[in-house]
Amino acid sequence: MGKLDSLKKFLGIENFTKYTREYFDKSNIRSSLYVSSVVIILELWMIISTLFFQFFGDLNRSKHWLITHIGCYALLLISACILFTYSLLHHKKIVQNHKAWLAIRFIFSIVAIGFGIYISFMDYLKGEQFITLMTMTIFVFCFTVWRPIYTILFLFLSYGFFFIICNHANPATYATKVNLTIVLITITISAINAYTQKLNEAKKDERLEQAHDILLKLSISDEVTGIANMNYFRGQALEKMQSKETVVENMIYLFLDIENFKTLNQKYGFWEGNSFLKNIADILNTLFENSLVAHFSNDNYVILTENKNIKEKILELCKKISEFKYDIKLGLKVGAYKPQNKDELPLVACDYARYACYSIKKNYNITYSEYDEAMALCFQKKQYIINNFDQAIENEHIKVFYQPVVDAKTGNVCGLEALSRWDDPTYGFLPPGDFIETLEEYHQIHRLDMFVVDRVCRDIDAAKKAGRKVLPISLNFSRLDFDSLNLAKEVGDCLEKYNIDKTAIHIEVTESTLSEDDEKLKEELKSFRSQGYALWLDDFGSGYSGLNVLKEYDFDLIKIDMKFLSNFNGNKKAPQILKNVINLAKDLGMQTLTEGVETQEAYEFLRENGCEKLQGYLFGKPMSKQDFLSKLSNSTYTI
């Protein structure tokens, strides 16, 4: 800061923020109330006492003196009354004319200083001290706050004028000059000090106010999009729904999911991704004016709005999304839920709308879906699965079943695949697709898969202790397991706990979970391979990236998807494709296992064309450990 800037700051010649101006105004209004009150009391007392002593006491002032002094007291009293009245009205916010209040305060100050000069001059002529002028300047410049430049000008002009008229009437002594100078300097310093303190208080309060505003904004808004966060949304939605003015039947919750946003983030970076989310939020605020709009998470938004022209607004939103200049095809899915009563929790309502949205995720031609009774039953089942998962494991409702894998040449069992089954007391046998998809959706699948690993290790340990031949068992892992766990370490720890050799375990990963740029997954699979596990690629041919997966990853065996065997006899292309896949695997140094073998004809074809391993209902469905052991004991199966 330069010297000129320092001087400007000292003199108060600087621009104040709106908050600082208002802070000074509020302080000066309060001070003006106090000062004017004191002046009113003093002047009333002076008028009454002067009149009393004039007419009932032993003082006998001239008529001119009496009129002059009473006039001065009355003038100051009137100006103080006006200042008090207007300050009170301003304080109560009955009157908010800032300029008028400043003018009244300025006029009062002139009257007070003029009064002080006149009375003190009269006292000086009588050889008395200039107490009145000193009192008035303290009232005006120390109790209320002025910018220092105004304080200095006012004080030096008024005291200079006072000294000139006094010295002209009766030359001032050295002591009078010193006393007057000391008073002037003291009041000036006090006034400037009061200003500095008040300015520092204002700035400190402003910083606190700004911090409070920031914290308040963070508590109710989302930092990425600037719209409401879910905390605020839930509170406001409940308040709105319970309002007497709200008709429940007219309201609807919407859950929005932007498709392909993850790809946008990866290609253009998080800054661009956040900018896109902010733009979507602004569009939603415009489309759904006077509605509650919030950022749910990632690329999801929720809205509570009136059920009017919803589909038209969604079409408009789709159009605006398509107008973004990205070389990525962005899409939109919207789920809706109509609340049933005023007391329904927004959290639950948003879950219903979200469920309706996710129910159409794989339907590319459908953008909008409303939560209905069928979804309600399905949603209840999902909630039941999540709420009873721990209990199902504890009570052994979730079991590990084994499906045999046979050697194509001999027909003997050469391995097993471990599969989870849920025999529930309420729903009976739950389809694996139901509870596995639900656990994946709620990010609990790793707990199921590690339960299967532990149970398989226990069964292998029991077989070793019983002297039975140990068959290698393949374990299925979800893509989410690699995100949730240090999977190679977790599996290794479990095998070490039961003293199981790694060759007894095969690690299965489905083709759909793999991608070329997933470095973490690649490292985990390399870790498995380096520790001696066999890696199997499951469901080969079920997706669109099979050949790329074979190029990017190293597998010991590929499991050919059972879809290749569907309508095996009626589709002339299927046998030829199977034959080529088997030959391709051999060329790459991998074995093959074909799933879904149900007919003797398919079995003979696969064996003749070199497929090493087979699996399917022709050899046995998934079964409990006890059933498998029974089939071994009665020679249904041969190892």
# chains A, B, ... in the order shown; residues from 1 in each chain; ligands from 1
>>> residues_around(residues="range 196-208 of chain A", least_positions_apart="4", cutoff="7 Å", atoms="only C-alpha atoms", output="PyMOL selection string")
chain A and resi 19-20+23+192+212
>>> residues_around(residues="range 584-590 of chain A", least_positions_apart="5", cutoff="8 Å", atoms="only C-alpha atoms", output="PyMOL selection string")
chain A and resi 555-558
>>> closest_residue(among="A:Arg455, A:His506, A:Lys308, A:Lys579", to="Ile560 in chain A", atoms="only C-alpha atoms")
A:Lys579
>>> residues_around(residues="range 231-248 of chain A", least_positions_apart="2", cutoff="8 Å", atoms="only C-alpha atoms", output="ChimeraX atom specification")
/A:219-221,228-229,250-251,292-294,304,339-347
>>> residues_around(residues="Gly532 in chain A", least_positions_apart="3", cutoff="7 Å", atoms="only C-alpha atoms", output="mmCIF file with all heavy atoms, in the first residue's frame")
data_model
loop_
_atom_site.group_PDB
_atom_site.id
_atom_site.type_symbol
_atom_site.label_atom_id
_atom_site.label_comp_id
_atom_site.auth_asym_id
_atom_site.auth_seq_id
_atom_site.Cartn_x
_atom_site.Cartn_y
_atom_site.Cartn_z
ATOM 1 N N LYS A 502 -3.561 -72.731 -3.684
ATOM 2 C CA LYS A 502 -4.165 -71.817 -4.674
ATOM 3 C C LYS A 502 -4.592 -72.538 -5.945
ATOM 4 O O LYS A 502 -5.439 -72.046 -6.688
ATOM 5 C CB LYS A 502 -3.191 -70.682 -5.000
ATOM 6 C CG LYS A 502 -2.954 -69.727 -3.824
ATOM 7 C CD LYS A 502 -2.000 -68.625 -4.203
ATOM 8 C CE LYS A 502 -1.865 -67.595 -3.080
ATOM 9 N NZ LYS A 502 -1.255 -68.170 -1.858
ATOM 10 N N THR A 503 -3.999 -73.700 -6.213
ATOM 11 C CA THR A 503 -4.403 -74.437 -7.417
ATOM 12 C C THR A 503 -5.808 -75.018 -7.274
ATOM 13 O O THR A 503 -6.400 -75.461 -8.271
ATOM 14 C CB THR A 503 -3.414 -75.584 -7.688
ATOM 15 O OG1 THR A 503 -3.346 -76.434 -6.525
ATOM 16 C CG2 THR A 503 -2.013 -75.038 -7.996
ATOM 17 N N PHE A 528 -3.471 -61.944 -8.981
ATOM 18 C CA PHE A 528 -3.985 -63.310 -8.875
ATOM 19 C C PHE A 528 -3.094 -64.286 -9.662
ATOM 20 O O PHE A 528 -2.702 -65.341 -9.160
ATOM 21 C CB PHE A 528 -5.420 -63.391 -9.418
ATOM 22 C CG PHE A 528 -6.485 -63.069 -8.395
ATOM 23 C CD1 PHE A 528 -7.371 -62.025 -8.604
ATOM 24 C CD2 PHE A 528 -6.613 -63.827 -7.241
ATOM 25 C CE1 PHE A 528 -8.355 -61.735 -7.673
ATOM 26 C CE2 PHE A 528 -7.597 -63.541 -6.305
ATOM 27 C CZ PHE A 528 -8.469 -62.488 -6.528
ATOM 28 N N ARG A 529 -2.768 -63.896 -10.885
ATOM 29 C CA ARG A 529 -1.978 -64.781 -11.738
ATOM 30 C C ARG A 529 -0.587 -65.020 -11.141
ATOM 31 O O ARG A 529 -0.089 -66.159 -11.125
ATOM 32 C CB ARG A 529 -1.861 -64.176 -13.132
ATOM 33 C CG ARG A 529 -0.987 -64.987 -14.084
ATOM 34 C CD ARG A 529 -1.072 -64.448 -15.500
ATOM 35 N NE ARG A 529 -2.321 -64.824 -16.140
ATOM 36 C CZ ARG A 529 -2.569 -66.033 -16.625
ATOM 37 N NH1 ARG A 529 -1.672 -66.994 -16.526
ATOM 38 N NH2 ARG A 529 -3.717 -66.303 -17.192
#
>>> select_by_dssp(residues="range 333-431 of chain A", states="alpha helix (DSSP H)", output="PyMOL selection string")
chain A and resi 346-358+373-394
>>> select_by_dssp(residues="range 282-484 of chain A", states="strand (DSSP E or B)", output="PyMOL selection string")
chain A and resi 292-297+300-306+331-337+368-370+398-407+413-424+428-430+473-477
>>> residues_around(residues="Ile41 in chain A", least_positions_apart="3", cutoff="12 Å", atoms="only C-alpha atoms", output="PDB file with C-alpha atoms, in the first residue's frame")
ATOM      1  CA  TYR A  34     -28.695   8.286  23.156  1.00  0.00           C
ATOM      2  CA  VAL A  35     -27.123  11.684  22.390  1.00  0.00           C
ATOM      3  CA  SER A  36     -30.409  13.350  21.470  1.00  0.00           C
ATOM      4  CA  SER A  37     -32.055  11.888  24.598  1.00  0.00           C
ATOM      5  CA  VAL A  38     -29.312  13.322  26.808  1.00  0.00           C
ATOM      6  CA  LEU A  44     -35.249  20.895  29.348  1.00  0.00           C
ATOM      7  CA  TRP A  45     -33.428  21.073  32.649  1.00  0.00           C
ATOM      8  CA  MET A  46     -31.573  24.242  31.553  1.00  0.00           C
ATOM      9  CA  ILE A  47     -34.795  25.939  30.374  1.00  0.00           C
ATOM     10  CA  ILE A  48     -36.695  25.026  33.527  1.00  0.00           C
ATOM     11  CA  SER A  49     -33.843  25.908  35.894  1.00  0.00           C
ATOM     12  CA  TYR A  73     -31.759  26.177  24.580  1.00  0.00           C
ATOM     13  CA  ALA A  74     -35.038  25.866  22.691  1.00  0.00           C
ATOM     14  CA  LEU A  76     -30.995  22.918  20.466  1.00  0.00           C
ATOM     15  CA  LEU A  77     -33.938  21.156  22.148  1.00  0.00           C
ATOM     16  CA  ILE A  78     -36.031  21.247  18.971  1.00  0.00           C
ATOM     17  CA  ALA A  80     -32.508  17.165  19.347  1.00  0.00           C
ATOM     18  CA  CYS A  81     -36.216  16.229  19.383  1.00  0.00           C
ATOM     19  CA  PHE A  84     -34.486  11.622  18.260  1.00  0.00           C
TER      20      PHE A  84
END
